[in-house]
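Data from entry_35.txt: compact mmCIF, C-alpha atoms (C1' of nucleotides)
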```
# COMPACT_ATOMS: atom_id res chain seq x y z
CA MET A 157 108.04 71.41 211.09
CA SER A 158 104.72 70.18 212.26
CA ALA A 159 102.23 67.41 212.66
CA GLU A 160 103.71 65.41 209.84
CA TRP A 161 107.07 65.35 211.49
CA ILE A 162 105.49 64.08 214.70
CA GLU A 163 103.85 61.22 212.87
CA TYR A 164 106.97 60.49 210.92
CA ALA A 165 109.09 60.39 214.05
CA GLU A 166 106.68 58.14 215.90
CA ALA A 167 106.50 55.80 212.93
CA ARG A 168 110.27 55.55 212.74
CA LEU A 169 110.49 54.86 216.45
CA THR A 170 107.89 52.14 216.26
CA LYS A 171 109.64 50.57 213.29
CA ALA A 172 112.86 50.62 215.27
CA GLY A 173 111.18 48.57 217.98
CA TYR A 174 110.45 51.27 220.52
CA ARG A 175 107.11 51.32 222.29
CA ARG A 176 105.11 54.45 222.72
CA GLY A 177 105.05 56.59 225.80
CA ALA A 178 103.64 59.86 226.94
CA SER A 179 106.89 61.52 227.87
CA ARG A 180 108.54 60.82 224.60
CA ARG A 181 105.48 62.05 222.79
CA ALA A 182 105.60 65.31 224.73
CA VAL A 183 109.25 65.85 223.88
CA ILE A 184 108.61 65.10 220.23
CA GLU A 185 105.71 67.51 220.10
CA LEU A 186 107.86 70.23 221.58
CA LEU A 187 110.65 69.64 219.11
CA ALA A 188 108.12 69.72 216.29
CA GLU A 189 107.24 73.28 217.16
CA GLY A 190 110.60 74.02 215.65
CA HIS A 191 112.12 76.48 218.06
CA CYS A 192 115.68 76.34 216.84
CA ALA A 193 118.19 74.44 218.89
CA MET A 194 116.74 73.98 222.37
CA THR A 195 118.80 72.71 225.28
CA ALA A 196 117.72 69.62 227.16
CA ALA A 197 117.01 71.76 230.19
CA GLU A 198 114.75 74.04 228.16
CA ILE A 199 112.87 71.04 226.85
CA GLU A 200 112.39 69.62 230.32
CA GLU A 201 111.24 72.98 231.61
CA ARG A 202 108.78 73.57 228.80
CA VAL A 203 107.26 70.13 229.06
CA ARG A 204 106.81 70.70 232.78
CA ALA A 205 105.31 74.10 232.09
CA GLU A 206 102.58 72.34 230.15
CA GLY A 207 101.68 70.61 233.36
CA ARG A 208 103.25 67.26 232.60
CA ALA A 209 105.70 65.75 235.06
CA VAL A 210 108.70 64.50 233.18
CA GLY A 211 111.93 63.00 234.40
CA ARG A 212 115.20 64.40 233.24
CA ALA A 213 116.22 60.89 232.28
CA SER A 214 113.23 60.58 229.96
CA VAL A 215 114.17 63.73 228.15
CA TYR A 216 117.73 62.62 227.61
CA ARG A 217 116.71 59.08 226.67
CA THR A 218 114.25 60.38 224.11
CA LEU A 219 116.77 62.75 222.62
CA GLU A 220 119.31 59.97 222.40
CA GLN A 221 116.89 57.69 220.61
CA LEU A 222 115.85 60.42 218.22
CA GLU A 223 119.42 61.27 217.47
CA GLU A 224 120.22 57.64 216.75
CA LEU A 225 117.49 57.62 214.11
CA HIS A 226 118.67 60.97 212.76
CA LEU A 227 115.37 62.57 213.71
CA VAL A 228 117.08 65.26 215.70
CA THR A 229 120.44 66.93 215.37
CA ARG A 230 122.60 67.46 218.39
CA LEU A 231 124.56 70.64 218.22
CA ASP A 232 127.47 71.76 220.34
CA VAL A 233 127.96 75.48 220.34
CA GLY A 234 130.59 75.47 223.00
CA GLN A 235 128.84 76.93 226.01
CA GLY A 236 128.90 73.60 227.77
CA THR A 237 125.36 72.73 226.80
CA ALA A 238 124.20 70.62 223.93
CA ARG A 239 121.28 71.82 221.84
CA TYR A 240 118.81 69.75 219.88
CA GLU A 241 116.60 70.42 216.95
CA ALA A 242 114.25 68.40 214.80
CA ALA A 243 115.67 67.24 211.50
CA LEU A 244 113.51 66.79 208.43
CA PRO A 245 114.01 63.55 206.53
CA GLY A 246 114.86 65.02 203.13
CA GLY A 247 117.81 67.18 204.00
CA ASP A 248 117.54 70.70 205.41
CA HIS A 249 121.15 70.35 206.37
CA HIS A 250 122.38 73.52 207.99
CA HIS A 251 125.02 74.90 210.29
CA HIS A 252 125.07 77.55 212.97
CA MET A 253 126.47 80.92 213.82
CA VAL A 254 126.91 81.63 217.51
CA CYS A 255 127.11 85.08 218.98
CA ASP A 256 129.80 84.79 221.63
CA THR A 257 128.48 87.90 223.33
CA CYS A 258 124.78 87.16 223.79
CA GLY A 259 124.76 83.43 223.07
CA LYS A 260 122.24 83.65 220.25
CA VAL A 261 122.32 80.78 217.77
CA GLU A 262 121.42 81.43 214.16
CA PRO A 263 121.13 78.76 211.47
CA PHE A 264 122.53 79.12 207.97
CA GLU A 265 122.84 77.02 204.86
CA ASP A 266 125.54 77.03 202.24
CA PRO A 267 125.66 74.55 199.40
CA GLU A 268 129.20 75.51 198.47
CA LEU A 269 130.35 74.67 201.97
CA GLU A 270 128.63 71.30 201.75
CA ARG A 271 130.36 70.52 198.49
CA THR A 272 133.73 71.52 199.88
CA ILE A 273 133.29 69.29 202.90
CA ALA A 274 132.10 66.39 200.79
CA ARG A 275 135.19 66.66 198.61
CA LEU A 276 137.37 66.89 201.68
CA ALA A 277 135.77 63.80 203.18
CA ASP A 278 136.54 61.81 200.04
CA ARG A 279 140.13 62.89 200.16
CA VAL A 280 140.79 61.52 203.65
CA PRO A 281 141.11 57.76 203.51
CA ALA A 282 142.09 57.19 207.13
CA PHE A 283 138.80 58.47 208.41
CA THR A 284 135.22 57.60 207.59
CA VAL A 285 133.38 60.87 207.84
CA GLY A 286 129.85 60.67 209.12
CA GLU A 287 128.42 63.89 210.39
CA HIS A 288 129.95 67.30 210.38
CA ASP A 289 129.38 70.52 212.25
CA VAL A 290 130.49 73.92 211.24
CA VAL A 291 130.20 76.51 213.94
CA LEU A 292 131.03 80.10 213.14
CA HIS A 293 131.77 82.17 216.20
CA GLY A 294 131.40 85.91 216.13
CA GLU A 295 129.05 88.69 216.98
CA CYS A 296 125.48 89.22 215.90
CA GLU A 297 124.29 92.50 214.49
CA ARG A 298 122.89 93.78 217.75
CA CYS A 299 125.94 92.99 219.87
CA ALA A 300 128.34 94.39 217.28
CA SER A 301 126.72 97.80 217.36
CA MET B 214 156.10 74.12 219.06
CA SER B 215 158.81 74.77 221.49
CA ALA B 216 160.89 77.15 223.50
CA GLU B 217 160.24 80.03 221.14
CA TRP B 218 156.54 79.68 221.62
CA ILE B 219 156.99 79.76 225.40
CA GLU B 220 158.93 83.01 225.17
CA TYR B 221 156.51 84.46 222.69
CA ALA B 222 153.54 83.61 224.91
CA GLU B 223 155.17 85.07 228.01
CA ALA B 224 156.06 88.23 226.13
CA ARG B 225 152.52 88.67 224.90
CA LEU B 226 151.15 88.13 228.39
CA THR B 227 153.52 90.68 229.86
CA LYS B 228 152.62 93.16 227.17
CA ALA B 229 148.97 92.60 227.98
CA GLY B 230 149.66 93.61 231.58
CA TYR B 231 149.79 90.23 233.27
CA ARG B 232 152.45 89.46 235.83
CA ARG B 233 154.39 86.26 235.82
CA GLY B 234 153.62 83.26 237.91
CA ALA B 235 154.81 79.73 238.33
CA SER B 236 151.52 78.00 237.61
CA ARG B 237 150.92 79.80 234.40
CA ARG B 238 154.44 79.07 233.31
CA ALA B 239 153.94 75.36 233.99
CA VAL B 240 150.75 75.28 231.94
CA ILE B 241 152.41 77.13 229.08
CA GLU B 242 155.35 74.76 229.07
CA LEU B 243 153.05 71.80 228.90
CA LEU B 244 151.08 73.28 226.02
CA ALA B 245 154.34 74.01 224.24
CA GLU B 246 155.12 70.32 224.13
CA GLY B 247 152.43 70.24 221.55
CA HIS B 248 150.36 67.24 222.47
CA CYS B 249 147.34 67.91 220.35
CA ALA B 250 144.20 69.14 222.03
CA MET B 251 144.51 68.40 225.71
CA THR B 252 141.62 68.75 228.12
CA ALA B 253 141.91 71.02 231.13
CA ALA B 254 141.81 67.97 233.38
CA GLU B 255 144.69 66.38 231.50
CA ILE B 256 146.70 69.55 231.82
CA GLU B 257 146.07 69.77 235.56
CA GLU B 258 146.96 66.13 236.00
CA ARG B 259 150.17 66.36 234.02
CA VAL B 260 151.35 69.46 235.81
CA ARG B 261 150.71 67.73 239.13
CA ALA B 262 152.53 64.65 237.86
CA GLU B 263 155.61 66.83 237.52
CA GLY B 264 155.41 67.39 241.25
CA ARG B 265 153.95 70.90 241.13
CA ALA B 266 150.80 71.62 243.10
CA VAL B 267 148.44 73.53 240.86
CA GLY B 268 144.91 74.69 241.46
CA ARG B 269 142.18 73.91 239.00
CA ALA B 270 141.35 77.58 238.94
CA SER B 271 144.87 78.48 237.86
CA VAL B 272 144.68 76.11 234.93
CA TYR B 273 141.38 77.50 233.73
CA ARG B 274 142.44 81.08 234.34
CA THR B 275 145.61 80.60 232.37
CA LEU B 276 143.80 78.94 229.50
CA GLU B 277 141.28 81.75 229.42
CA GLN B 278 144.00 84.39 229.27
CA LEU B 279 145.87 82.53 226.57
CA GLU B 280 142.73 82.10 224.54
CA GLU B 281 141.98 85.79 224.81
CA LEU B 282 145.37 86.56 223.28
CA HIS B 283 144.84 83.87 220.64
CA LEU B 284 147.78 81.93 221.99
CA VAL B 285 145.72 78.82 222.40
CA THR B 286 142.70 77.49 220.57
CA ARG B 287 139.77 76.10 222.46
CA LEU B 288 138.11 73.26 220.71
CA ASP B 289 134.77 71.64 221.38
CA VAL B 290 134.54 68.14 220.06
CA GLY B 291 131.20 67.41 221.64
CA GLN B 292 132.05 65.00 224.44
CA GLY B 293 131.26 67.61 227.02
CA THR B 294 134.89 68.56 227.53
CA ALA B 295 136.75 71.43 225.96
CA ARG B 296 140.22 70.84 224.59
CA TYR B 297 143.04 73.30 224.21
CA GLU B 298 146.10 73.50 222.02
CA ALA B 299 148.86 75.99 221.45
CA ALA B 300 148.43 78.23 218.42
CA LEU B 301 151.40 79.51 216.48
CA PRO B 302 151.31 83.20 215.63
CA GLY B 303 151.66 82.93 211.87
CA GLY B 304 148.75 80.70 211.05
CA ASP B 305 148.78 76.91 211.31
CA HIS B 306 145.02 77.07 211.22
CA HIS B 307 143.54 73.61 211.30
CA HIS B 308 140.40 71.72 212.15
CA HIS B 309 139.68 68.36 213.71
CA MET B 310 138.26 64.96 213.01
CA VAL B 311 136.78 63.17 215.97
CA CYS B 312 136.30 59.44 216.16
CA ASP B 313 132.92 59.01 217.83
CA THR B 314 133.81 55.48 218.80
CA CYS B 315 137.15 55.84 220.57
CA GLY B 316 137.22 59.60 221.09
CA LYS B 317 140.49 60.15 219.23
CA VAL B 318 141.01 63.65 217.88
CA GLU B 319 142.99 64.12 214.68
CA PRO B 320 143.92 67.48 213.18
CA PHE B 321 143.69 68.33 209.50
CA GLU B 322 144.21 71.31 207.27
CA ASP B 323 142.43 72.25 204.10
CA PRO B 324 143.04 75.52 202.28
CA GLU B 325 139.99 75.08 200.09
CA LEU B 326 137.81 74.83 203.17
CA GLU B 327 139.34 78.02 204.54
CA ARG B 328 138.61 79.87 201.32
CA THR B 329 135.05 78.63 201.26
CA ILE B 330 134.46 79.77 204.82
CA ALA B 331 136.08 83.15 204.18
CA ARG B 332 133.79 83.73 201.20
CA LEU B 333 130.81 82.64 203.26
CA ALA B 334 131.73 85.03 206.07
CA ASP B 335 131.82 87.93 203.62
CA ARG B 336 128.42 87.03 202.30
CA VAL B 337 126.69 87.27 205.69
CA PRO B 338 126.24 90.89 206.66
CA ALA B 339 124.18 90.32 209.79
CA PHE B 340 127.00 88.55 211.53
CA THR B 341 130.62 89.46 212.15
CA VAL B 342 132.46 86.19 211.89
CA GLY B 343 135.43 85.84 214.16
CA GLU B 344 136.58 82.29 214.72
CA HIS B 345 135.31 79.14 213.15
CA ASP B 346 135.45 75.47 214.02
CA VAL B 347 134.88 72.63 211.70
CA VAL B 348 134.49 69.30 213.40
CA LEU B 349 134.09 66.20 211.30
CA HIS B 350 132.57 63.31 213.18
CA GLY B 351 133.11 59.77 212.06
CA GLU B 352 135.23 56.72 212.66
CA CYS B 353 138.98 56.40 212.59
CA GLU B 354 140.70 53.66 210.65
CA ARG B 355 141.13 51.37 213.59
CA CYS B 356 137.55 51.62 214.84
CA ALA B 357 136.13 51.21 211.35
CA SER B 358 137.81 47.87 210.82
C1' DA C 170 92.73 40.12 231.00
C1' DT C 171 97.32 39.34 231.98
C1' DA C 172 102.15 39.08 232.32
C1' DA C 173 106.72 40.54 230.47
C1' DG C 174 109.25 44.05 229.88
C1' DA C 175 109.72 48.76 227.98
C1' DA C 176 108.95 53.56 229.37
C1' DG C 177 108.56 56.81 233.01
C1' DT C 178 109.73 59.29 237.53
C1' DA C 179 112.46 61.29 241.23
C1' DG C 180 116.40 62.16 242.84
C1' DA C 181 121.12 60.77 243.99
C1' DC C 182 125.43 60.92 241.68
C1' DT C 183 129.43 62.30 238.59
C1' DC C 184 132.25 65.38 236.52
C1' DA C 185 133.59 69.76 234.00
C1' DG C 186 133.97 74.21 234.94
C1' DT C 187 133.33 78.52 238.11
C1' DC C 188 133.79 81.17 242.26
C1' DT C 189 135.72 82.57 246.69
C1' DC C 190 139.02 83.90 249.66
C1' DA C 191 143.06 83.48 252.38
C1' DT C 192 147.89 83.27 251.20
C1' DG C 193 152.05 83.69 248.32
C1' DT C 194 154.65 86.40 244.54
C1' DT C 195 155.86 89.96 241.54
C1' DT C 196 156.93 94.47 240.51
C1' DG C 197 157.47 99.39 240.58
C1' DA C 198 158.67 103.10 243.77
C1' DC C 199 161.75 104.65 246.90
C1' DG D 158 167.77 96.36 248.87
C1' DT D 159 163.18 97.19 251.00
C1' DC D 160 158.28 97.70 250.95
C1' DA D 161 153.62 97.72 249.92
C1' DA D 162 150.02 97.40 246.48
C1' DA D 163 148.15 94.49 243.42
C1' DC D 164 148.18 90.51 240.92
C1' DA D 165 148.70 85.28 240.92
C1' DT D 166 147.87 81.05 243.21
C1' DG D 167 145.76 76.84 245.64
C1' DA D 168 142.24 74.38 248.08
C1' DG D 169 137.98 73.42 248.05
C1' DA D 170 133.07 74.77 247.99
C1' DC D 171 129.69 75.46 244.52
C1' DT D 172 126.91 75.14 240.05
C1' DG D 173 124.80 72.97 236.45
C1' DA D 174 124.70 69.49 232.61
C1' DG D 175 124.21 64.94 231.99
C1' DT D 176 124.13 59.89 233.85
C1' DC D 177 122.61 56.21 236.74
C1' DT D 178 119.58 53.68 239.84
C1' DA D 179 115.65 51.80 242.02
C1' DC D 180 111.19 51.61 241.68
C1' DT D 181 106.51 52.46 239.53
C1' DT D 182 103.45 52.76 235.59
C1' DC D 183 102.21 51.81 231.05
C1' DT D 184 102.11 49.09 226.28
C1' DT D 185 101.56 45.33 223.89
C1' DA D 186 101.57 40.47 222.48
C1' DT D 187 99.22 36.52 223.74
```
Any chance you could put this one into structure tokens?
Amino acid sequence: MSAEWIEYAEARLTKAGYRRGASRRAVIELLAEGHCAMTAAEIEERVRAEGRAVGRASVYRTLEQLEELHLVTRLDVGQGTARYEAALPGGDHHHHMVCDTCGKVEPFEDPELERTIARLADRVPAFTVGEHDVVLHGECERCAS
Amino acid sequence: MSAEWIEYAEARLTKAGYRRGASRRAVIELLAEGHCAMTAAEIEERVRAEGRAVGRASVYRTLEQLEELHLVTRLDVGQGTARYEAALPGGDHHHHMVCDTCGKVEPFEDPELERTIARLADRVPAFTVGEHDVVLHGECERCAS
DNA sequence: ATAAGAAGTAGACTCAGTCTCATGTTTGAC
DNA sequence: GTCAAACATGAGACTGAGTCTACTTCTTAT
């Protein structure tokens, strides 16, 4: 997650007809740093901490646009706050484990799970499956001890 | 989903040390009707529609207690609103498909998916998996056409 | 360089969910 | 049955995420 992703994202946005802007750039740069699953509020706060004024609306608008182009993944872990993370073009599909005690969010991958869900999606004709989220709730090592 | 579930839920609550109360009873009765995945606001509204005054706090408190005893399942479909549904004691574990266009929530079951997740949970030592949610996003038949 | 319109800002607004506290009920003890 | 302690309840204030609005500032095509 890095400079290439920034360029890639900007290119996709331009191709999609969006103009460039400083706020969006700042949000994209932050996401590129790859801190897993930030909330919109965290993003706003961190951009401001860098000394840039940024409107809440700009943050949400940017995230919405990026999500539309599948450049970020929105993730609902059930604490009433959505989280966002940069998505690489070629896959990197993963899910999340949430510690219900401390709130920590941990990513994981599982090809078998992907296959199972793909098969399931084929089997359901009344529904066109697009995205899917698997959220495992539980306790992380530290909280369990 | 019916009268037995109401009695079962009340018995469990009593055993857990809770006293009885009219508001909680009303919420439980509504859940027992089995309308899939209601929001807290819908529950409050429907209880009021029956002519009973009920405080928002009572609804949320009841749902929290029921969730703690695994008598209801809380479900996050990602529209910023939690949904709740009665859970039968002996299983009936299911997941949900959400139509991102019209917001409709449809339940589904899949034993293969359950097995896959159970295997996955065993394989992850750093995390004690408790509950899991699988939410498939997509489009329902009507919206797709 | 300029004008059209997208992008940005601040902050008011909405709405789900939480908290508080005075009041109403339940229950166990007598 | 009566009583009091303790739990349950209701109204509404409060919080915090996310949306909307009105207005300003840039980008970009010409």
Calculate how many Å separate CA of Arg180 in chain A from CA of Gly211 in chain A, rounding to one decimal.
-> 10.6 Å
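A straight line drawn from CA of Glu352 in chain B to CA of Thr284 in chain A is 5.1 Å long.
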Once you count all atoms listed in the file, what closest atom pair and distance in Å to one decimal does each residue of chain D within 10 Å of chain A have, with rows by chain and rising residue number, as JSON lines?
```
{"residue": "D:DG173", "atom": "C1'", "partner": "A:Gly236", "partner_atom": "CA", "distance": 9.6}
{"residue": "D:DA174", "atom": "C1'", "partner": "A:Thr237", "partner_atom": "CA", "distance": 6.7}
{"residue": "D:DG175", "atom": "C1'", "partner": "A:Tyr216", "partner_atom": "CA", "distance": 8.2}
{"residue": "D:DT176", "atom": "C1'", "partner": "A:Ala213", "partner_atom": "CA", "distance": 8.1}
{"residue": "D:DC177", "atom": "C1'", "partner": "A:Ala213", "partner_atom": "CA", "distance": 9.1}
{"residue": "D:DC183", "atom": "C1'", "partner": "A:Gly177", "partner_atom": "CA", "distance": 7.6}
{"residue": "D:DT184", "atom": "C1'", "partner": "A:Arg175", "partner_atom": "CA", "distance": 6.8}
{"residue": "D:DT185", "atom": "C1'", "partner": "A:Arg175", "partner_atom": "CA", "distance": 8.3}
```
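Minimum atom-to-atom distances from C:DC182, C:DC190, C:DA176, C:DA198 to chain A were compared using only C-alpha atoms (C1' of nucleotides), and the lowest value belongs to C:DA176.
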In terms of all atoms listed in the file, the residue from A:Glu262, A:Glu270, A:Glu206, A:Glu223 at minimal distance from Leu169 in chain A is A:Glu223
Once 8 Å is added on each side, what centre and edge lengths in Å to one decimal does the axis-aligned box around all listed atoms of range 343-347 of chain B have, as JSON?
```
{"center_x": 135.7, "center_y": 79.2, "center_z": 213.2, "size_x": 17.7, "size_y": 29.2, "size_z": 19.0}
```
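Comparing the minimum interatomic distances between DA179 in chain C and each of A:Ala209, A:Ala300, A:Ala193, A:Val215, counting all atoms listed in the file, we find that A:Ala209 sits nearest.
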